[in-house]
>>> print(open('target01.cif').read())   # mmCIF, C-alpha atoms
data_protein
#
loop_
_atom_site.label_atom_id
_atom_site.label_comp_id
_atom_site.auth_asym_id
_atom_site.auth_seq_id
_atom_site.Cartn_x
_atom_site.Cartn_y
_atom_site.Cartn_z
CA MET W 1306 1.60 12.90 5.32
CA SER W 1307 0.62 16.44 6.12
CA PRO W 1308 -2.89 17.11 7.50
CA GLU W 1309 -3.69 18.95 4.28
CA THR W 1310 -2.77 15.95 2.10
CA SER W 1311 -4.60 13.53 4.37
CA GLN W 1312 -7.78 15.61 4.21
CA TRP W 1313 -7.45 15.89 0.43
CA LEU W 1314 -7.21 12.10 0.17
CA LEU W 1315 -10.43 11.63 2.17
CA PRO W 1316 -12.67 14.48 1.02
CA GLY W 1317 -15.83 12.82 2.29
CA ALA W 1318 -14.60 12.57 5.87
CA THR W 1319 -15.89 15.21 8.27
CA PRO W 1320 -14.76 16.29 11.75
CA GLU W 1321 -17.69 14.27 13.09
CA HIS W 1322 -16.24 11.11 11.58
CA LEU W 1323 -13.09 11.64 13.63
CA GLN W 1324 -14.92 11.49 16.94
CA GLU W 1325 -14.83 7.69 17.12
CA PRO W 1326 -13.10 7.20 20.51
CA TRP W 1327 -10.98 4.26 19.32
CA LEU W 1328 -9.35 6.39 16.62
CA ARG W 1329 -7.53 8.45 19.29
CA PRO W 1330 -4.71 9.05 19.87
CA ASP W 1331 -3.03 6.91 17.21
CA PHE W 1332 -5.03 7.74 14.08
CA THR W 1333 -6.34 11.23 14.78
CA ASP W 1334 -6.12 14.02 17.30
CA GLY W 1335 -9.79 14.67 16.73
CA THR W 1336 -9.23 17.36 14.12
CA ALA W 1337 -6.85 15.86 11.51
CA PHE W 1338 -6.00 12.46 10.09
CA ALA W 1339 -2.69 10.79 10.89
CA MET W 1340 -1.42 8.92 7.83
CA HIS W 1341 1.92 7.39 6.88
CA VAL W 1342 3.38 5.75 3.78
CA HIS W 1343 4.74 2.28 4.50
CA ILE W 1344 6.90 -0.23 2.72
CA PHE W 1345 6.41 -3.71 4.14
CA ALA W 1346 9.44 -6.00 4.15
CA PHE W 1347 9.38 -9.65 5.20
CA GLU W 1348 10.84 -13.07 4.56
CA ALA W 1349 8.81 -16.12 3.50
CA HIS W 1350 10.65 -19.44 3.19
CA GLY W 1351 13.84 -17.77 2.09
CA LYS W 1352 12.18 -15.24 -0.22
CA ARG W 1353 12.83 -11.61 0.65
CA ILE W 1354 9.75 -9.63 -0.27
CA LEU W 1355 8.63 -6.00 -0.34
CA VAL W 1356 5.04 -4.86 -0.66
CA ASP W 1357 4.95 -1.47 -2.40
CA THR W 1358 7.89 0.91 -2.60
CA GLY W 1359 6.59 4.22 -1.29
CA ILE W 1360 7.17 7.63 -2.84
CA GLY W 1361 10.80 7.65 -3.95
CA ASN W 1362 13.42 10.37 -4.10
CA ASP W 1363 14.15 13.10 -6.64
CA LYS W 1364 10.86 12.70 -8.50
CA PRO W 1365 8.72 15.61 -9.71
CA ARG W 1366 5.23 15.24 -8.27
CA GLN W 1367 2.20 17.52 -8.07
CA ILE W 1368 1.51 16.53 -4.46
CA PRO W 1369 3.80 18.72 -2.28
CA ASP W 1370 4.39 15.90 0.22
CA ALA W 1371 5.85 13.77 -2.60
CA ASP W 1372 7.72 16.33 -4.68
CA HIS W 1373 11.51 15.91 -5.07
CA LEU W 1374 11.95 14.12 -1.77
CA ARG W 1375 15.33 13.24 -0.27
CA THR W 1376 14.66 10.59 2.34
CA PRO W 1377 16.88 7.81 3.77
CA VAL W 1378 14.56 4.95 2.80
CA LEU W 1379 17.28 2.76 1.28
CA HIS W 1380 19.40 3.16 4.41
CA ALA W 1381 16.39 2.16 6.51
CA LEU W 1382 15.77 -0.90 4.36
CA THR W 1383 19.40 -1.93 4.58
CA ALA W 1384 19.46 -1.41 8.33
CA ALA W 1385 16.38 -3.63 8.60
CA GLY W 1386 18.26 -6.36 6.73
CA PHE W 1387 16.80 -5.75 3.28
CA ALA W 1388 19.61 -4.26 1.22
CA PRO W 1389 18.24 -3.51 -2.27
CA ASP W 1390 20.29 -6.16 -4.06
CA THR W 1391 19.03 -8.89 -1.68
CA VAL W 1392 15.32 -8.44 -2.41
CA ASP W 1393 13.67 -11.27 -4.39
CA LEU W 1394 10.13 -9.99 -4.99
CA VAL W 1395 8.56 -6.53 -5.13
CA ILE W 1396 4.76 -6.67 -5.01
CA THR W 1397 2.88 -3.68 -6.42
CA THR W 1398 -0.58 -3.37 -4.91
CA HIS W 1399 -1.34 -0.66 -7.48
CA MET W 1400 0.45 1.99 -9.51
CA HIS W 1401 -0.26 5.27 -7.74
CA VAL W 1402 2.77 7.46 -7.18
CA ASP W 1403 3.06 6.71 -3.45
CA HIS W 1404 3.28 2.96 -4.04
CA VAL W 1405 5.82 2.68 -6.88
CA GLY W 1406 8.27 5.51 -6.18
CA TRP W 1407 11.22 3.44 -5.01
CA ASN W 1408 10.77 1.04 -7.91
CA THR W 1409 13.61 3.08 -9.38
CA HIS W 1410 16.27 5.52 -8.28
CA LEU W 1411 18.28 8.15 -10.08
CA VAL W 1412 21.82 7.23 -11.14
CA ASP W 1413 23.83 9.54 -13.43
CA GLY W 1414 20.66 11.13 -14.73
CA ARG W 1415 18.90 7.82 -15.47
CA TRP W 1416 16.12 6.01 -13.66
CA ILE W 1417 17.23 2.46 -12.95
CA PRO W 1418 15.55 -0.34 -10.96
CA THR W 1419 16.30 -0.04 -7.25
CA PHE W 1420 16.02 -3.79 -6.67
CA PRO W 1421 17.98 -5.24 -9.60
CA ASN W 1422 17.72 -8.89 -8.55
CA ALA W 1423 13.99 -8.85 -7.83
CA ARG W 1424 10.96 -9.75 -9.88
CA TYR W 1425 8.37 -6.97 -9.70
CA LEU W 1426 4.78 -8.26 -9.63
CA ALA W 1427 1.56 -6.48 -10.56
CA ASP W 1428 -1.86 -7.22 -12.00
CA ARG W 1429 -1.93 -6.96 -15.79
CA ARG W 1430 -5.09 -4.86 -15.84
CA GLU W 1431 -3.36 -2.33 -13.55
CA TRP W 1432 -0.50 -1.92 -16.01
CA ASP W 1433 -2.86 -1.68 -18.97
CA TYR W 1434 -5.06 0.93 -17.28
CA TRP W 1435 -2.22 3.28 -16.38
CA THR W 1436 -0.44 2.77 -19.70
CA ALA W 1437 -3.58 3.98 -21.45
CA ALA W 1438 -4.03 6.86 -18.99
CA ALA W 1439 -0.44 8.00 -19.59
CA GLU W 1440 -1.34 8.86 -23.18
CA THR W 1441 -3.55 11.75 -22.06
CA ASP W 1442 -2.49 12.58 -18.48
CA GLU W 1443 0.96 14.11 -18.01
CA GLU W 1444 1.06 13.37 -14.28
CA VAL W 1445 0.47 9.68 -14.96
CA ALA W 1446 2.94 9.80 -17.86
CA GLN W 1447 5.64 11.15 -15.52
CA THR W 1448 5.15 8.25 -13.12
CA HIS W 1449 5.27 5.86 -16.06
CA ARG W 1450 8.54 7.36 -17.26
CA ASP W 1451 10.38 7.42 -13.96
CA SER W 1452 8.91 4.53 -11.93
CA LEU W 1453 7.25 1.96 -14.17
CA ARG W 1454 8.69 1.88 -17.67
CA PRO W 1455 12.35 1.54 -16.57
CA VAL W 1456 11.46 -1.61 -14.63
CA ARG W 1457 9.52 -3.08 -17.56
CA ASP W 1458 12.23 -2.13 -20.04
CA ASN W 1459 14.75 -4.02 -17.90
CA GLY W 1460 12.55 -7.11 -18.07
CA LEU W 1461 11.79 -7.15 -14.34
CA TYR W 1462 8.01 -6.58 -14.25
CA ASP W 1463 5.86 -9.72 -14.28
CA LEU W 1464 2.26 -8.86 -15.12
CA LEU W 1465 -0.15 -11.40 -13.64
CA ASP W 1466 -3.72 -12.33 -14.51
CA VAL W 1467 -4.90 -12.61 -10.92
CA PRO W 1468 -8.14 -14.63 -10.60
CA ALA W 1469 -10.89 -13.83 -8.14
CA SER W 1470 -9.54 -16.53 -5.82
CA GLY W 1471 -6.10 -14.94 -5.81
CA ILE W 1472 -2.71 -16.35 -6.70
CA GLU W 1473 0.12 -17.57 -4.47
CA VAL W 1474 3.47 -16.00 -5.39
CA ALA W 1475 5.53 -17.53 -2.55
CA ASP W 1476 4.76 -19.99 0.23
CA GLY W 1477 2.23 -18.27 2.45
CA VAL W 1478 2.04 -15.12 0.29
CA ARG W 1479 -1.12 -14.73 -1.76
CA LEU W 1480 -2.19 -11.83 -3.96
CA VAL W 1481 -5.94 -11.21 -3.85
CA PRO W 1482 -7.85 -8.79 -6.10
CA THR W 1483 -9.37 -5.88 -4.17
CA ARG W 1484 -10.56 -3.73 -7.02
CA GLY W 1485 -12.29 -0.40 -6.96
CA HIS W 1486 -9.56 1.94 -5.80
CA THR W 1487 -7.90 1.04 -9.10
CA PRO W 1488 -8.88 -1.56 -11.72
CA GLY W 1489 -6.08 -3.98 -10.85
CA HIS W 1490 -5.66 -3.27 -7.15
CA LEU W 1491 -4.26 -6.12 -5.06
CA SER W 1492 -4.00 -6.85 -1.36
CA VAL W 1493 -1.60 -9.38 0.12
CA ARG W 1494 -2.59 -12.25 2.43
CA LEU W 1495 0.11 -13.71 4.66
CA THR W 1496 -0.53 -17.16 6.10
CA GLY W 1497 1.39 -20.08 7.53
CA THR W 1498 2.07 -18.92 11.07
CA ASP W 1499 -0.13 -18.78 14.13
CA ARG W 1500 -0.99 -15.21 13.05
CA ASN W 1501 -2.28 -14.46 9.56
CA ALA W 1502 -2.40 -10.95 8.12
CA LEU W 1503 -3.75 -8.89 5.24
CA ILE W 1504 -1.77 -5.98 3.83
CA SER W 1505 -4.48 -3.63 2.62
CA GLY W 1506 -2.83 -1.46 0.01
CA ASP W 1507 -5.35 1.31 -0.53
CA SER W 1508 -8.47 -0.84 -0.21
CA VAL W 1509 -8.54 0.70 3.28
CA HIS W 1510 -6.76 4.05 3.39
CA HIS W 1511 -7.38 5.08 6.99
CA PRO W 1512 -8.96 3.37 10.04
CA VAL W 1513 -11.86 5.84 9.90
CA GLN W 1514 -13.06 3.76 6.94
CA LEU W 1515 -13.66 0.82 9.28
CA ALA W 1516 -16.26 2.85 11.13
CA HIS W 1517 -17.49 4.38 7.87
CA PRO W 1518 -16.74 2.06 4.92
CA GLU W 1519 -18.78 4.34 2.69
CA ILE W 1520 -16.08 7.04 2.81
CA SER W 1521 -14.22 7.10 -0.50
CA THR W 1522 -10.78 8.44 -1.29
CA VAL W 1523 -10.03 10.98 -3.98
CA GLY W 1524 -8.14 8.31 -5.93
CA ASP W 1525 -10.94 5.75 -6.15
CA VAL W 1526 -11.51 4.94 -9.80
CA ASP W 1527 -14.79 3.18 -8.98
CA PRO W 1528 -16.05 4.39 -5.56
CA VAL W 1529 -18.94 1.93 -5.45
CA GLU W 1530 -16.74 -1.07 -6.15
CA ALA W 1531 -14.14 0.24 -3.69
CA GLN W 1532 -16.80 0.52 -0.96
CA ASN W 1533 -18.10 -2.99 -1.66
CA THR W 1534 -14.57 -4.39 -1.62
CA ARG W 1535 -13.77 -2.64 1.65
CA HIS W 1536 -16.91 -3.91 3.35
CA ARG W 1537 -16.24 -7.47 2.14
CA LEU W 1538 -12.66 -7.45 3.42
CA LEU W 1539 -13.65 -6.06 6.80
CA ALA W 1540 -16.47 -8.58 7.16
CA GLU W 1541 -14.03 -11.41 6.38
CA LEU W 1542 -11.53 -10.17 8.97
CA ALA W 1543 -14.03 -9.27 11.71
CA GLY W 1544 -13.97 -11.59 14.68
CA THR W 1545 -10.82 -13.41 13.59
CA ASP W 1546 -7.33 -13.14 15.02
CA ASP W 1547 -5.94 -12.03 11.65
CA LEU W 1548 -4.16 -8.69 11.46
CA LEU W 1549 -5.19 -5.89 9.14
CA LEU W 1550 -1.99 -4.07 8.16
CA GLY W 1551 -2.70 -0.66 6.65
CA THR W 1552 -0.31 0.69 4.07
CA HIS W 1553 -1.18 4.21 5.20
CA PHE W 1554 -2.05 3.56 8.84
CA ALA W 1555 -0.11 5.51 11.42
CA HIS W 1556 1.63 3.58 14.21
CA PRO W 1557 0.79 0.93 15.39
CA THR W 1558 -0.01 0.15 11.74
CA GLY W 1559 -2.18 -2.92 12.29
CA GLY W 1560 -4.68 -4.67 14.47
CA ARG W 1561 -7.70 -6.95 14.73
CA VAL W 1562 -11.00 -5.99 13.16
CA GLN W 1563 -14.11 -6.14 15.33
CA ARG W 1564 -17.71 -5.63 14.34
CA TYR W 1565 -19.89 -3.32 16.38
CA ASP W 1566 -23.43 -2.37 15.45
CA SER W 1567 -23.41 -2.36 11.64
CA ARG W 1568 -19.85 -1.06 11.45
CA PHE W 1569 -16.30 -2.07 12.32
CA ARG W 1570 -13.42 -0.89 14.46
CA MET W 1571 -9.79 -1.86 14.87
CA VAL W 1572 -8.06 -2.96 18.03
CA PRO W 1573 -4.37 -2.04 17.58
CA ASP W 1574 -2.36 -5.20 17.95
CA ALA W 1575 0.91 -4.96 16.04
CA PRO W 1576 3.43 -3.22 18.31
CA ALA W 1577 6.48 -5.01 16.90
CA LEU W 1578 5.85 -4.19 13.27
CA LEU W 1579 6.67 -0.51 13.05
CA ALA W 1580 7.99 2.04 15.48
CA PRO W 1581 6.70 5.61 15.14
CA GLY W 1582 8.26 7.38 12.18
CA GLN W 1583 9.65 4.28 10.52
CA VAL W 1584 8.87 3.51 6.90
CA VAL W 1585 9.89 -0.11 6.91
CA GLY W 1586 8.74 -3.05 8.92
CA ARG W 1587 8.73 -6.80 9.15
CA SER W 1588 5.35 -8.44 8.86
CA PRO W 1589 4.81 -11.95 10.21
CA ARG W 1590 7.08 -14.50 8.57
CA PRO W 1591 5.00 -17.23 6.94
CA GLY W 1592 6.28 -20.68 7.75
CA ARG W 1593 8.44 -19.56 10.63
#
>>> encode(input="target01.cif", output="structure tokens")
Amino acid sequence: MSPETSQWLLPGATPEHLQEPWLRPDFTDGTAFAMHVHIFAFEAHGKRILVDTGIGNDKPRQIPDADHLRTPVLHALTAAGFAPDTVDLVITTHMHVDHVGWNTHLVDGRWIPTFPNARYLADRREWDYWTAAAETDEEVAQTHRDSLRPVRDNGLYDLLDVPASGIEVADGVRLVPTRGHTPGHLSVRLTGTDRNALISGDSVHHPVQLAHPEISTVGDVDPVEAQNTRHRLLAELAGTDDLLLGTHFAHPTGGRVQRYDSRFRMVPDAPALLAPGQVVGRSPRPGR
């Protein structure tokens, strides 16, 4: 993401917030935020799974960084061993434009599902919220038309009533509600190896929010709930060996959460997950 877009996403963050020494050099240069858009790809007991699908190509968007892109994401997925027709599950943490874009791709003027053999999973309240919003917001309606509705119309979206305790969708893959950023926001817990992990979605947008969990993003539907959710997640992870994998974290993308004073910080600890500039990575393989 450009520095302008990153700053727009975190309007409450100030230059002073960026002076945390552990944020440099990976997550800031001291003046601007470094942020990426990731698609996580992994295998769990034979299931080939994606978490979120990024921005997508050819789609009209109001955010300049996302407008009518032409990127080689599908080639990168295929090169990583996840050709679109081999994917079994696509997990949607939430339905913002930068998380559902590659749900579909343009073929002969029509938006068709990119992963035709996959079940797409999302929280029911997320679908209901954005379906209602699309009736009055043209930007939301555009995303519905080109990235959400074609998947549902093809019978591929499974809408789940995710309880507070979460729901397991594959061995070692659990969806947990992390609401606040959006009403049906989900994070993904990976277990079953000697290294567990949590894929954040947008419950944590940037590592600066570990040091300052009170910082909201422009997209938070309920900033107070989002802050409470973020603090709870960080407190649960702090002091464990579990990885926090940030959907928008710049390389090295993940690490261990530590508590210091009344705040948190991250010790980068995921060098094998993503190389700089990549948009696809393998998270730990549950059960392997």
>>> residues_around(input="target01.cif", residues="segment 1356-1372 of chain W", least_positions_apart="4", cutoff="10 Å", atoms="only C-alpha atoms", output="VMD selection string")
chain W and resid 1306 to 1307 1309 to 1310 1341 to 1347 1376 to 1379 1394 to 1411 1416 1419 1425 to 1426 1444 to 1445 1447 to 1448 1451 to 1452 1492 to 1493 1504 1506 1552 1584 to 1585
>>> closest_residue(input="target01.cif", among="W:Arg1415, W:Arg1329, W:Arg1430, W:His1373", to="Gly1489 of chain W", atoms="all atoms listed in the file")
W:Arg1430
>>> closest_residue(input="target01.cif", among="W:Leu1491, W:His1556, W:Asp1442, W:Leu1315", to="Asp1466 of chain W", atoms="all atoms listed in the file")
W:Leu1491
>>> resolve_selection(input="target01.cif", expression="the PyMOL selection byres ((chain W and resi 1456) around 8)", output="PyMOL selection string")
chain W and resi 1408-1409+1417-1418+1425+1452-1455+1457-1462
>>> atom_distance(input="target01.cif", atom1="atom CA of Val1562 of chain W", atom2="atom CA of Ala1502 of chain W")
11.1 Å
>>> resolve_selection(input="target01.cif", expression="the PyMOL selection byres ((chain W and resi 1332-1335) around 12)", output="JSON, numbers by chain")
{"W": [1308, 1311, 1312, 1319, 1320, 1321, 1322, 1323, 1324, 1325, 1326, 1327, 1328, 1329, 1330, 1331, 1336, 1337, 1338, 1339, 1340, 1341, 1510, 1511, 1512, 1513, 1514, 1551, 1553, 1554, 1555, 1556, 1557, 1558, 1559, 1571, 1572, 1573, 1581]}
>>> atom_distance(input="target01.cif", atom1="atom CA of Thr1441 of chain W", atom2="atom CA of Val1523 of chain W")
19.2 Å
>>> axis_aligned_box(input="target01.cif", around="segment 1526-1539 of chain W", padding_each_side="5 Å", output="JSON")
{"center_x": -15.2, "center_y": -1.3, "center_z": -1.5, "size_x": 17.4, "size_y": 22.4, "size_z": 26.6}
>>> atom_distance(input="target01.cif", atom1="atom CA of Ile1472 of chain W", atom2="atom CA of Glu1541 of chain W")
18.0 Å
>>> closest_residue(input="target01.cif", among="W:Val1478, W:Ala1469, W:Leu1548, W:Val1529", to="Asp1428 of chain W", atoms="all atoms listed in the file")
W:Ala1469
>>> closest_residue(input="target01.cif", among="W:His1486, W:Lys1352, W:Thr1391, W:Glu1431", to="Pro1528 of chain W", atoms="all atoms listed in the file")
W:His1486
>>> resolve_selection(input="target01.cif", expression="the PyMOL selection byres ((chain W and resi 1386) around 12)", output="number ranges by chain")
W: 1346-1348, 1353-1355, 1379-1385, 1387-1392, 1585-1587
>>> closest_residue(input="target01.cif", among="W:Val1412, W:Leu1314, W:Ala1349, W:Leu1464", to="Gly1477 of chain W", atoms="all atoms listed in the file")
W:Ala1349
>>> residues_around(input="target01.cif", residues="Ala1543 of chain W", least_positions_apart="5", cutoff="12 Å", atoms="all atoms listed in the file", output="count of residues only")
18
>>> decode(input="target01.cif", residues="segment 1391-1414 of chain W", atoms="N, CA, C and O atoms", output="PDB file, in the first residue's frame")
ATOM      1  N   THR W1391      -7.546 -26.081  -7.580  1.00  0.00           N
ATOM      2  CA  THR W1391      -7.185 -27.075  -6.566  1.00  0.00           C
ATOM      3  C   THR W1391      -7.543 -26.639  -5.155  1.00  0.00           C
ATOM      4  O   THR W1391      -7.346 -27.401  -4.211  1.00  0.00           O
ATOM      5  N   VAL W1392      -8.062 -25.428  -4.996  1.00  0.00           N
ATOM      6  CA  VAL W1392      -8.375 -24.895  -3.674  1.00  0.00           C
ATOM      7  C   VAL W1392      -9.700 -25.474  -3.180  1.00  0.00           C
ATOM      8  O   VAL W1392     -10.693 -25.515  -3.918  1.00  0.00           O
ATOM      9  N   ASP W1393      -9.719 -25.903  -1.912  1.00  0.00           N
ATOM     10  CA  ASP W1393     -10.909 -26.521  -1.321  1.00  0.00           C
ATOM     11  C   ASP W1393     -11.762 -25.555  -0.508  1.00  0.00           C
ATOM     12  O   ASP W1393     -12.994 -25.649  -0.520  1.00  0.00           O
ATOM     13  N   LEU W1394     -11.120 -24.649   0.221  1.00  0.00           N
ATOM     14  CA  LEU W1394     -11.841 -23.705   1.069  1.00  0.00           C
ATOM     15  C   LEU W1394     -11.268 -22.313   0.876  1.00  0.00           C
ATOM     16  O   LEU W1394     -10.044 -22.144   0.803  1.00  0.00           O
ATOM     17  N   VAL W1395     -12.146 -21.314   0.826  1.00  0.00           N
ATOM     18  CA  VAL W1395     -11.755 -19.907   0.838  1.00  0.00           C
ATOM     19  C   VAL W1395     -12.440 -19.270   2.043  1.00  0.00           C
ATOM     20  O   VAL W1395     -13.672 -19.191   2.092  1.00  0.00           O
ATOM     21  N   ILE W1396     -11.659 -18.852   3.026  1.00  0.00           N
ATOM     22  CA  ILE W1396     -12.201 -18.248   4.236  1.00  0.00           C
ATOM     23  C   ILE W1396     -12.197 -16.733   4.084  1.00  0.00           C
ATOM     24  O   ILE W1396     -11.157 -16.134   3.774  1.00  0.00           O
ATOM     25  N   THR W1397     -13.341 -16.111   4.295  1.00  0.00           N
ATOM     26  CA  THR W1397     -13.470 -14.660   4.242  1.00  0.00           C
ATOM     27  C   THR W1397     -13.480 -14.120   5.659  1.00  0.00           C
ATOM     28  O   THR W1397     -14.432 -14.354   6.403  1.00  0.00           O
ATOM     29  N   THR W1398     -12.425 -13.399   6.051  1.00  0.00           N
ATOM     30  CA  THR W1398     -12.438 -12.825   7.399  1.00  0.00           C
ATOM     31  C   THR W1398     -13.497 -11.738   7.499  1.00  0.00           C
ATOM     32  O   THR W1398     -14.160 -11.603   8.534  1.00  0.00           O
ATOM     33  N   HIS W1399     -13.665 -10.960   6.432  1.00  0.00           N
ATOM     34  CA  HIS W1399     -14.723  -9.962   6.352  1.00  0.00           C
ATOM     35  C   HIS W1399     -14.795  -9.484   4.913  1.00  0.00           C
ATOM     36  O   HIS W1399     -13.975  -9.876   4.079  1.00  0.00           O
ATOM     37  N   MET W1400     -15.783  -8.649   4.597  1.00  0.00           N
ATOM     38  CA  MET W1400     -16.114  -8.381   3.205  1.00  0.00           C
ATOM     39  C   MET W1400     -15.726  -6.998   2.723  1.00  0.00           C
ATOM     40  O   MET W1400     -16.374  -6.424   1.850  1.00  0.00           O
ATOM     41  N   HIS W1401     -14.628  -6.454   3.242  1.00  0.00           N
ATOM     42  CA  HIS W1401     -14.062  -5.239   2.661  1.00  0.00           C
ATOM     43  C   HIS W1401     -13.381  -5.573   1.336  1.00  0.00           C
ATOM     44  O   HIS W1401     -12.956  -6.710   1.105  1.00  0.00           O
ATOM     45  N   VAL W1402     -13.233  -4.549   0.509  1.00  0.00           N
ATOM     46  CA  VAL W1402     -12.797  -4.761  -0.869  1.00  0.00           C
ATOM     47  C   VAL W1402     -11.425  -5.430  -0.981  1.00  0.00           C
ATOM     48  O   VAL W1402     -11.165  -6.175  -1.933  1.00  0.00           O
ATOM     49  N   ASP W1403     -10.545  -5.184  -0.008  1.00  0.00           N
ATOM     50  CA  ASP W1403      -9.193  -5.729  -0.089  1.00  0.00           C
ATOM     51  C   ASP W1403      -9.084  -7.129   0.510  1.00  0.00           C
ATOM     52  O   ASP W1403      -7.977  -7.640   0.685  1.00  0.00           O
ATOM     53  N   HIS W1404     -10.226  -7.748   0.778  1.00  0.00           N
ATOM     54  CA  HIS W1404     -10.225  -9.106   1.317  1.00  0.00           C
ATOM     55  C   HIS W1404     -11.058 -10.071   0.481  1.00  0.00           C
ATOM     56  O   HIS W1404     -11.022 -11.274   0.717  1.00  0.00           O
ATOM     57  N   VAL W1405     -11.807  -9.557  -0.485  1.00  0.00           N
ATOM     58  CA  VAL W1405     -12.682 -10.421  -1.292  1.00  0.00           C
ATOM     59  C   VAL W1405     -12.453 -10.254  -2.794  1.00  0.00           C
ATOM     60  O   VAL W1405     -13.177 -10.833  -3.606  1.00  0.00           O
ATOM     61  N   GLY W1406     -11.432  -9.474  -3.174  1.00  0.00           N
ATOM     62  CA  GLY W1406     -11.284  -9.112  -4.585  1.00  0.00           C
ATOM     63  C   GLY W1406     -11.071 -10.269  -5.534  1.00  0.00           C
ATOM     64  O   GLY W1406     -11.612 -10.294  -6.641  1.00  0.00           O
ATOM     65  N   TRP W1407     -10.230 -11.232  -5.121  1.00  0.00           N
ATOM     66  CA  TRP W1407      -9.977 -12.381  -5.990  1.00  0.00           C
ATOM     67  C   TRP W1407     -11.001 -13.498  -5.773  1.00  0.00           C
ATOM     68  O   TRP W1407     -10.813 -14.611  -6.265  1.00  0.00           O
ATOM     69  N   ASN W1408     -12.083 -13.201  -5.071  1.00  0.00           N
ATOM     70  CA  ASN W1408     -13.199 -14.148  -5.053  1.00  0.00           C
ATOM     71  C   ASN W1408     -13.635 -14.483  -6.472  1.00  0.00           C
ATOM     72  O   ASN W1408     -14.073 -15.598  -6.764  1.00  0.00           O
ATOM     73  N   THR W1409     -13.538 -13.463  -7.342  1.00  0.00           N
ATOM     74  CA  THR W1409     -13.971 -13.618  -8.729  1.00  0.00           C
ATOM     75  C   THR W1409     -12.919 -13.043  -9.664  1.00  0.00           C
ATOM     76  O   THR W1409     -12.044 -12.278  -9.246  1.00  0.00           O
ATOM     77  N   HIS W1410     -13.025 -13.399 -10.924  1.00  0.00           N
ATOM     78  CA  HIS W1410     -12.204 -12.768 -11.952  1.00  0.00           C
ATOM     79  C   HIS W1410     -13.039 -12.604 -13.208  1.00  0.00           C
ATOM     80  O   HIS W1410     -14.080 -13.248 -13.378  1.00  0.00           O
ATOM     81  N   LEU W1411     -12.583 -11.714 -14.059  1.00  0.00           N
ATOM     82  CA  LEU W1411     -13.347 -11.315 -15.235  1.00  0.00           C
ATOM     83  C   LEU W1411     -13.061 -12.251 -16.404  1.00  0.00           C
ATOM     84  O   LEU W1411     -11.911 -12.424 -16.803  1.00  0.00           O
ATOM     85  N   VAL W1412     -14.105 -12.847 -16.944  1.00  0.00           N
ATOM     86  CA  VAL W1412     -14.000 -13.743 -18.095  1.00  0.00           C
ATOM     87  C   VAL W1412     -15.107 -13.374 -19.084  1.00  0.00           C
ATOM     88  O   VAL W1412     -16.296 -13.478 -18.766  1.00  0.00           O
ATOM     89  N   ASP W1413     -14.699 -12.912 -20.269  1.00  0.00           N
ATOM     90  CA  ASP W1413     -15.660 -12.541 -21.317  1.00  0.00           C
ATOM     91  C   ASP W1413     -16.731 -11.590 -20.786  1.00  0.00           C
ATOM     92  O   ASP W1413     -17.927 -11.746 -21.060  1.00  0.00           O
ATOM     93  N   GLY W1414     -16.274 -10.613 -20.009  1.00  0.00           N
ATOM     94  CA  GLY W1414     -17.189  -9.586 -19.523  1.00  0.00           C
ATOM     95  C   GLY W1414     -18.035  -9.988 -18.331  1.00  0.00           C
ATOM     96  O   GLY W1414     -18.903  -9.216 -17.902  1.00  0.00           O
TER      97      GLY W1414
END
